[in-house]
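Below: the structure, in structure tokens.
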Amino acid sequence: MDLQRIADTFEMLDDWEDRYSLLIDLGRKLPEFPDAARTEDNRVEGCTSNVWLLTHVTDDQPPRIEFQADSDAFIVKGLVAILLEAYSGKTAQEILDMDIESLFNELGLAQQLTPNRRDGFVAMVKRMRAEAQATQSHPTA
Amino acid sequence: MSVMANNVAHRIRDDFPILGKPMNGHRLAFLDSAASAQKPQVVIDAERECYESYYANIHRGVYSLSQQSTQAYEAVRGVVKRFINAPDEREIVFVRGATEAINLVAQSFVRPKLGPGDEVLITGMEHHANIVPWQMVTEATGAKLVVVPVNDDGTLDVAAYRERLNERTRFVSFVHVSNTLGTVNPAEEMIALAKAKSIPVLLDGAQSAPHMPVDIQALGADFYCFSGHKTYGPSGVGVLWGRLELLEAMPPYQGGGDMIRTVSFEKTEYAEPPQRFEAGTPNIAGVIGMGAGLEYLEGVGMAAVAAHEQTLLSYATEQLKALPGLKIIGTAPQKTGVISFVMEDAHPHDIGTILDMDGVAVRTGHHCTQPLMARFGVPATARASFGVYTVGDDIDALVSGLKRVRKMFA
């Protein structure tokens, strides 16, 4: 599902249970995350559940940043899936320019996130943006 | 459900204004009292009345307001003394909470006694608050922190405890009731074993003071502590109880005002306990509120509180056991109203999120007991914990929420 379709589907659902079910589904469809990459270095600090993030920078000009991510909590995994849809395969500039908070507001998800969960979510966004920032300042990295 | 559960607890529930407020459009089923308890109206009123009618700094002015607030503040020592059956009011030190109490004992009492090769003994079910202060003092002195293992059912390996008590053990600090497992440790027996070897003991009562009658003279410990916010009082206040002769021999923990007899630049003489350990202006209204919370509990009766929570524990355990794919972590025969669990299909954070939508508040995470999580091989658990206001309806809401979790994630 691309972002637009995700947004349209969320908009159609007004029952919280259906929204969460969709989120869980999105999480389940996330591509398999390599077990070997579940390392402490790849773990996103600040998440109440475990979240792992793997970054790959392509040879394109400008380079694109591909993310793989996973979580042991399904709802978080769903949020990760949306984040990957938004960020993965984009250039560093595109990632840094994106207003992710507004996007989640549009999805009607922002208010569904409890403060603790939001912290983890914010930590994920921060990490992805930091990776973009690093790619921009060290393009060969 | 017992008569207490159905009648008295429902009436008690009305004493807690927050419990009448809906959460996410549902009746609030508050099942996180082990983290912090809700406050009865009498506690809210006591704190408000202090600010509205007689607030001033204590132990300072000769004017009436200061006298009145000093009296109200000091009167709480009497309440605490009665609540835990302490021999002497001077043994009651007001602190910020159990965490500060443990740090105080670690720094003032234990640290000066430690040297290389010495040991401090704790258990594998301690809260981080009863681990980290000991790591700090043992690391600083070259002493060793020794840990008593936990059995598969969540009981303590008492035989191992006995073995680890040795001539190098300088101090023992352990939790009366585990905040994660609900296990009630055989405190009396464990303390007696340590005392037989003249080893002083701190008993962490954060989870026992709110849930069972506590007689610290019968228990025989040297230090006991609990937090006001778990005994239905305000946050930011708590109690350290210590034997007078030990407190008298201890250096202050923090320096400042209100803990001295005389100060000159050459020499300062410290005040006697408990003032010696209460530097600076304390949480005056908070202490008064804590007193109101303890009196509220006395009014219900701690034996009745314990009996009520046992009834709920049996009912909830039975209900949760019947849910497929759910596993309870901590099945000790002696437990308080705490049930930690994991589910096959959902992560604790998923469970907590979905339950929240149903108005059910449970704690999810490691409960500040990461070593215990590692011991049971789980990253986190969901935990339902009960209080004086918990009723059968709360358990039923939990169970129906968990059925929904299973439906959504399976």
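Letters for chains follow the order of the structure tokens (A, B, ...), residue numbers begin at 1 for each chain, and ligand numbers begin at 1 in the order shown.
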*Selection: 12 Å around Arg406 (chain B), only C-alpha atoms, excl. self and same-chain fewer than 5 positions, as a PyMOL selection string*: (chain A and resi 21) or (chain B and resi 323-326+342-347+350-351+354-355+399-401)
*Output as a list of chain:residue names the set of chain B residues within 9 Å of chain A, with distances taken over only C-alpha atoms.*
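Filtering chain B at 9 Å from chain A with only C-alpha atoms gives B:Ala346, B:His347, B:Pro348, B:His349, B:Asp350, B:Thr353, B:Ile354, B:Met357, B:Thr364, B:Gly365, B:Pro379, B:Ala380, B:Met408, B:Phe409.
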Selection export as a tab-separated table (two decimals), in the first residue's frame, atoms kept: all heavy atoms:
chain	number	residue	atom	x	y	z
B	346	ALA	N	0.52	-11.31	21.17
B	346	ALA	CA	0.70	-9.86	21.22
B	346	ALA	C	1.79	-9.49	22.19
B	346	ALA	O	1.99	-10.13	23.23
B	346	ALA	CB	-0.60	-9.18	21.63
B	347	HIS	N	2.52	-8.46	21.86
B	347	HIS	CA	3.55	-7.90	22.74
B	347	HIS	C	2.83	-7.14	23.86
B	347	HIS	O	1.74	-6.59	23.65
B	347	HIS	CB	4.41	-6.94	21.90
B	347	HIS	CG	5.61	-6.41	22.61
B	347	HIS	ND1	5.53	-5.34	23.46
B	347	HIS	CD2	6.91	-6.79	22.59
B	347	HIS	CE1	6.74	-5.09	23.94
B	347	HIS	NE2	7.59	-5.95	23.43
B	348	PRO	N	3.44	-7.09	25.06
B	348	PRO	CA	2.80	-6.33	26.14
B	348	PRO	C	2.38	-4.90	25.74
B	348	PRO	O	1.34	-4.41	26.19
B	348	PRO	CB	3.89	-6.30	27.22
B	348	PRO	CG	4.68	-7.53	26.99
B	348	PRO	CD	4.67	-7.76	25.51
B	349	HIS	N	3.16	-4.28	24.89
B	349	HIS	CA	2.80	-2.92	24.48
B	349	HIS	C	1.55	-2.90	23.61
B	349	HIS	O	0.77	-1.96	23.64
B	349	HIS	CB	3.96	-2.23	23.79
B	349	HIS	CG	5.06	-1.89	24.75
B	349	HIS	ND1	6.27	-2.50	24.74
B	349	HIS	CD2	5.09	-1.04	25.80
B	349	HIS	CE1	7.02	-2.04	25.72
B	349	HIS	NE2	6.32	-1.17	26.39
B	350	ASP	N	1.40	-3.95	22.82
B	350	ASP	CA	0.17	-4.08	22.04
B	350	ASP	C	-1.01	-4.27	23.00
B	350	ASP	O	-2.07	-3.66	22.84
B	350	ASP	CB	0.25	-5.30	21.11
B	350	ASP	CG	1.29	-5.11	20.00
B	350	ASP	OD1	1.43	-3.98	19.52
B	350	ASP	OD2	1.94	-6.11	19.63
B	353	THR	N	-1.93	-1.05	24.75
B	353	THR	CA	-2.55	-0.08	23.85
B	353	THR	C	-4.02	-0.41	23.62
B	353	THR	O	-4.89	0.47	23.66
B	353	THR	CB	-1.81	-0.06	22.50
B	353	THR	OG1	-0.43	0.14	22.75
B	353	THR	CG2	-2.32	1.06	21.61
B	354	ILE	N	-4.29	-1.67	23.37
B	354	ILE	CA	-5.68	-2.07	23.08
B	354	ILE	C	-6.53	-1.96	24.36
B	354	ILE	O	-7.66	-1.46	24.32
B	354	ILE	CB	-5.73	-3.51	22.50
B	354	ILE	CG1	-4.92	-3.58	21.19
B	354	ILE	CG2	-7.16	-3.97	22.30
B	354	ILE	CD1	-5.33	-2.60	20.11
B	357	MET	N	-7.80	1.49	25.05
B	357	MET	CA	-8.97	1.92	24.27
B	357	MET	C	-10.26	1.46	24.93
B	357	MET	O	-11.32	2.03	24.70
B	357	MET	CB	-8.89	1.38	22.83
B	357	MET	CG	-7.67	1.86	22.05
B	357	MET	SD	-7.47	3.66	22.04
B	357	MET	CE	-8.85	4.15	21.02
B	364	THR	N	2.70	-1.72	31.27
B	364	THR	CA	3.43	-2.61	30.37
B	364	THR	C	4.89	-2.19	30.38
B	364	THR	O	5.19	-1.01	30.48
B	364	THR	CB	2.91	-2.51	28.93
B	364	THR	OG1	2.91	-1.14	28.53
B	364	THR	CG2	1.50	-3.06	28.81
B	365	GLY	N	5.77	-3.15	30.29
B	365	GLY	CA	7.19	-2.83	30.25
B	365	GLY	C	7.98	-3.74	31.16
B	365	GLY	O	7.55	-4.86	31.45
B	379	PRO	N	10.90	-9.84	27.30
B	379	PRO	CA	11.39	-8.46	27.19
B	379	PRO	C	10.59	-7.52	28.10
B	379	PRO	O	11.08	-6.48	28.53
B	379	PRO	CB	11.15	-8.12	25.72
B	379	PRO	CG	10.06	-9.04	25.27
B	379	PRO	CD	10.16	-10.27	26.11
B	380	ALA	N	9.39	-7.92	28.37
B	380	ALA	CA	8.47	-7.06	29.12
B	380	ALA	C	7.27	-7.91	29.50
B	380	ALA	O	7.10	-9.02	29.00
B	380	ALA	CB	8.01	-5.89	28.24
B	408	MET	N	-7.85	-9.62	17.93
B	408	MET	CA	-7.19	-8.70	16.98
B	408	MET	C	-5.82	-9.19	16.54
B	408	MET	O	-5.38	-8.90	15.43
B	408	MET	CB	-7.03	-7.32	17.62
B	408	MET	CG	-8.34	-6.55	17.71
B	408	MET	SD	-8.12	-4.94	18.51
B	408	MET	CE	-7.30	-4.01	17.20
B	409	PHE	N	-5.13	-9.92	17.40
B	409	PHE	CA	-3.74	-10.25	17.08
B	409	PHE	C	-3.55	-11.71	16.66
B	409	PHE	O	-2.54	-12.04	16.04
B	409	PHE	CB	-2.82	-9.95	18.28
B	409	PHE	CG	-2.63	-8.48	18.51
B	409	PHE	CD1	-3.48	-7.77	19.35
B	409	PHE	CD2	-1.63	-7.79	17.85
B	409	PHE	CE1	-3.31	-6.41	19.55
B	409	PHE	CE2	-1.45	-6.43	18.03
B	409	PHE	CZ	-2.30	-5.73	18.89
*Polymer residues at most 10 Å from Pro63 (chain A), only C-alpha atoms, same-chain spacing of 2 or more positions, as number ranges by chain*: A: 56-61, 65-66, 89-92, 135-136, 139-140
May I have the residues from that selection written out with N, CA, C and O atoms, as a short mmCIF file (atom, residue, chain, number, x, y, z; two decimals), in the first residue's frame?
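Wrote it out as part_12.cif, contents follow:
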data_model
loop_
_atom_site.label_atom_id
_atom_site.label_comp_id
_atom_site.auth_asym_id
_atom_site.auth_seq_id
_atom_site.Cartn_x
_atom_site.Cartn_y
_atom_site.Cartn_z
N HIS A 56 20.48 1.51 4.41
CA HIS A 56 21.34 1.22 3.26
C HIS A 56 21.30 2.42 2.33
O HIS A 56 20.24 2.87 1.93
N VAL A 57 22.47 2.96 2.00
CA VAL A 57 22.54 4.11 1.09
C VAL A 57 22.90 3.61 -0.30
O VAL A 57 23.88 2.88 -0.47
N THR A 58 22.10 3.98 -1.32
CA THR A 58 22.32 3.46 -2.68
C THR A 58 23.41 4.26 -3.40
O THR A 58 23.84 5.32 -2.93
N ASP A 59 23.82 3.74 -4.57
CA ASP A 59 24.86 4.41 -5.37
C ASP A 59 24.27 5.50 -6.26
O ASP A 59 25.00 6.12 -7.04
N ASP A 60 22.96 5.70 -6.22
CA ASP A 60 22.35 6.71 -7.09
C ASP A 60 22.95 8.08 -6.83
O ASP A 60 23.57 8.33 -5.80
N GLN A 61 22.72 8.98 -7.78
CA GLN A 61 23.15 10.37 -7.60
C GLN A 61 21.95 11.30 -7.69
O GLN A 61 21.37 11.45 -8.75
N ILE A 65 18.16 6.65 0.39
CA ILE A 65 18.34 5.92 1.64
C ILE A 65 17.23 4.88 1.78
O ILE A 65 16.04 5.23 1.76
N GLU A 66 17.65 3.65 1.87
CA GLU A 66 16.67 2.58 2.04
C GLU A 66 16.70 2.11 3.49
O GLU A 66 17.76 1.86 4.05
N GLY A 89 13.81 4.86 0.44
CA GLY A 89 14.03 5.06 -0.99
C GLY A 89 14.04 6.53 -1.38
O GLY A 89 14.12 6.87 -2.55
N LYS A 90 13.96 7.40 -0.41
CA LYS A 90 13.97 8.84 -0.69
C LYS A 90 15.40 9.37 -0.55
O LYS A 90 16.27 8.72 0.06
N THR A 91 15.63 10.54 -1.10
CA THR A 91 16.94 11.18 -0.90
C THR A 91 16.95 11.81 0.49
O THR A 91 15.88 12.03 1.09
N ALA A 92 18.16 12.12 0.94
CA ALA A 92 18.30 12.72 2.27
C ALA A 92 17.48 14.01 2.34
O ALA A 92 16.78 14.27 3.33
N THR A 135 24.05 11.15 5.85
CA THR A 135 24.29 10.87 4.44
C THR A 135 24.59 12.17 3.69
O THR A 135 25.43 12.21 2.80
N GLN A 136 23.88 13.22 4.08
CA GLN A 136 24.07 14.49 3.41
C GLN A 136 25.44 15.09 3.69
O GLN A 136 26.10 15.61 2.80
N PRO A 139 28.56 12.21 2.02
CA PRO A 139 27.87 11.50 0.94
C PRO A 139 28.49 10.15 0.60
O PRO A 139 27.81 9.29 0.06
N THR A 140 29.75 9.96 0.93
CA THR A 140 30.38 8.68 0.57
C THR A 140 30.13 7.61 1.63
O THR A 140 30.40 6.45 1.39
#
*Any idea what's packed within 7 Å of region 177-189 of chain B, counting only C-alpha atoms, ignoring anything in its chain fewer than 5 positions away? Could you give it as JSON, numbers by chain?*
{"B": [34, 125, 154, 155, 156, 207, 208, 219, 220, 329, 330, 332, 334, 335, 336, 337, 338, 339, 340, 367]}
Got a sec: who's within 10 Å of Phe83 (chain B), counting only C-alpha atoms, leaving out chain neighbours fewer than 6 positions off, as a PDB file with N, CA and C atoms, in the first residue's frame?
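Result file is selection-v8.pdb:
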ATOM      1  N   ARG B  77       4.241  11.882  61.875  1.00  0.00           N
ATOM      2  CA  ARG B  77       5.171  10.871  62.400  1.00  0.00           C
ATOM      3  C   ARG B  77       4.429   9.892  63.308  1.00  0.00           C
ATOM      4  N   ALA B 209       3.598  -1.994  52.362  1.00  0.00           N
ATOM      5  CA  ALA B 209       2.875  -1.012  53.173  1.00  0.00           C
ATOM      6  C   ALA B 209       1.453  -0.746  52.661  1.00  0.00           C
ATOM      7  N   PRO B 213      -1.091  -5.640  56.592  1.00  0.00           N
ATOM      8  CA  PRO B 213      -0.656  -5.085  57.876  1.00  0.00           C
ATOM      9  C   PRO B 213       0.853  -5.273  57.998  1.00  0.00           C
ATOM     10  N   VAL B 214       1.540  -4.227  58.417  1.00  0.00           N
ATOM     11  CA  VAL B 214       2.990  -4.307  58.583  1.00  0.00           C
ATOM     12  C   VAL B 214       3.336  -3.945  60.020  1.00  0.00           C
ATOM     13  N   ASP B 215       4.018  -4.873  60.693  1.00  0.00           N
ATOM     14  CA  ASP B 215       4.480  -4.635  62.051  1.00  0.00           C
ATOM     15  C   ASP B 215       5.997  -4.761  62.004  1.00  0.00           C
ATOM     16  N   ILE B 216       6.671  -3.609  61.951  1.00  0.00           N
ATOM     17  CA  ILE B 216       8.116  -3.690  61.727  1.00  0.00           C
ATOM     18  C   ILE B 216       8.851  -4.262  62.934  1.00  0.00           C
ATOM     19  N   GLY B 291      -0.111  11.526  55.450  1.00  0.00           N
ATOM     20  CA  GLY B 291      -0.733  11.137  56.721  1.00  0.00           C
ATOM     21  C   GLY B 291      -2.216  10.837  56.540  1.00  0.00           C
ATOM     22  N   LEU B 294      -2.649   7.424  54.967  1.00  0.00           N
ATOM     23  CA  LEU B 294      -2.431   6.315  55.900  1.00  0.00           C
ATOM     24  C   LEU B 294      -3.621   6.172  56.848  1.00  0.00           C
ATOM     25  N   GLU B 295      -4.171   7.320  57.279  1.00  0.00           N
ATOM     26  CA  GLU B 295      -5.345   7.252  58.154  1.00  0.00           C
ATOM     27  C   GLU B 295      -6.550   6.686  57.409  1.00  0.00           C
ATOM     28  N   LEU B 297      -6.357   4.420  55.084  1.00  0.00           N
ATOM     29  CA  LEU B 297      -6.128   2.971  55.066  1.00  0.00           C
ATOM     30  C   LEU B 297      -6.457   2.348  56.426  1.00  0.00           C
ATOM     31  N   GLU B 298      -6.080   3.051  57.503  1.00  0.00           N
ATOM     32  CA  GLU B 298      -6.393   2.553  58.842  1.00  0.00           C
ATOM     33  C   GLU B 298      -7.900   2.437  59.032  1.00  0.00           C
ATOM     34  N   MET B 302      -6.150  -2.546  57.536  1.00  0.00           N
ATOM     35  CA  MET B 302      -5.209  -3.213  56.633  1.00  0.00           C
ATOM     36  C   MET B 302      -5.517  -4.696  56.462  1.00  0.00           C
TER      37      MET B 302
END
*as a list in words, please: all residues of region 65-190 of chain B that backbone DSSP puts in strand (DSSP E).*
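Here are the strand (DSSP E) residues of region 65-190 of chain B: Ile92, Val93, Phe94, Val95, Glu119, Val120, Leu121, Ile122, Thr123, Lys144, Leu145, Val146, Val147, Val148, Thr169, Arg170, Phe171, Val172, Ser173, Phe174 and Val175 of chain B.
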Could you save the residues just selected, with C-alpha atoms, as a PDB file, in the first residue's frame?
ATOM      1  CA  ILE B  92      10.409   8.150  61.242  1.00  0.00           C
ATOM      2  CA  VAL B  93      12.328  10.101  58.609  1.00  0.00           C
ATOM      3  CA  PHE B  94      10.372  11.824  55.853  1.00  0.00           C
ATOM      4  CA  VAL B  95      11.985  11.402  52.451  1.00  0.00           C
ATOM      5  CA  GLU B 119      29.467  -7.996  50.270  1.00  0.00           C
ATOM      6  CA  VAL B 120      26.009  -6.495  50.062  1.00  0.00           C
ATOM      7  CA  LEU B 121      23.261  -9.051  49.525  1.00  0.00           C
ATOM      8  CA  ILE B 122      20.103  -8.353  47.496  1.00  0.00           C
ATOM      9  CA  THR B 123      17.718 -10.590  45.548  1.00  0.00           C
ATOM     10  CA  LYS B 144      30.731  -6.901  45.865  1.00  0.00           C
ATOM     11  CA  LEU B 145      27.008  -7.024  45.175  1.00  0.00           C
ATOM     12  CA  VAL B 146      25.660 -10.541  45.640  1.00  0.00           C
ATOM     13  CA  VAL B 147      22.279 -11.583  44.284  1.00  0.00           C
ATOM     14  CA  VAL B 148      19.966 -14.331  45.539  1.00  0.00           C
ATOM     15  CA  THR B 169      28.116  -9.892  54.144  1.00  0.00           C
ATOM     16  CA  ARG B 170      27.912  -6.367  55.546  1.00  0.00           C
ATOM     17  CA  PHE B 171      24.309  -5.594  54.672  1.00  0.00           C
ATOM     18  CA  VAL B 172      21.161  -7.217  53.324  1.00  0.00           C
ATOM     19  CA  SER B 173      18.512  -5.290  51.417  1.00  0.00           C
ATOM     20  CA  PHE B 174      15.492  -7.002  49.906  1.00  0.00           C
ATOM     21  CA  VAL B 175      12.004  -6.388  48.734  1.00  0.00           C
TER      22      VAL B 175
END
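From CA of Leu247 (chain B) back to CA of Val62 (chain B), the distance works out to 28.4 Å.
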_Among region 185-316 of chain B, which ones does DSSP assign to helix (DSSP H, G or I) (computed from the backbone)? Answer as a ChimeraX atom specification._
/B:187-196,216-219,228-230,244-249,275-277,284-300,302-316
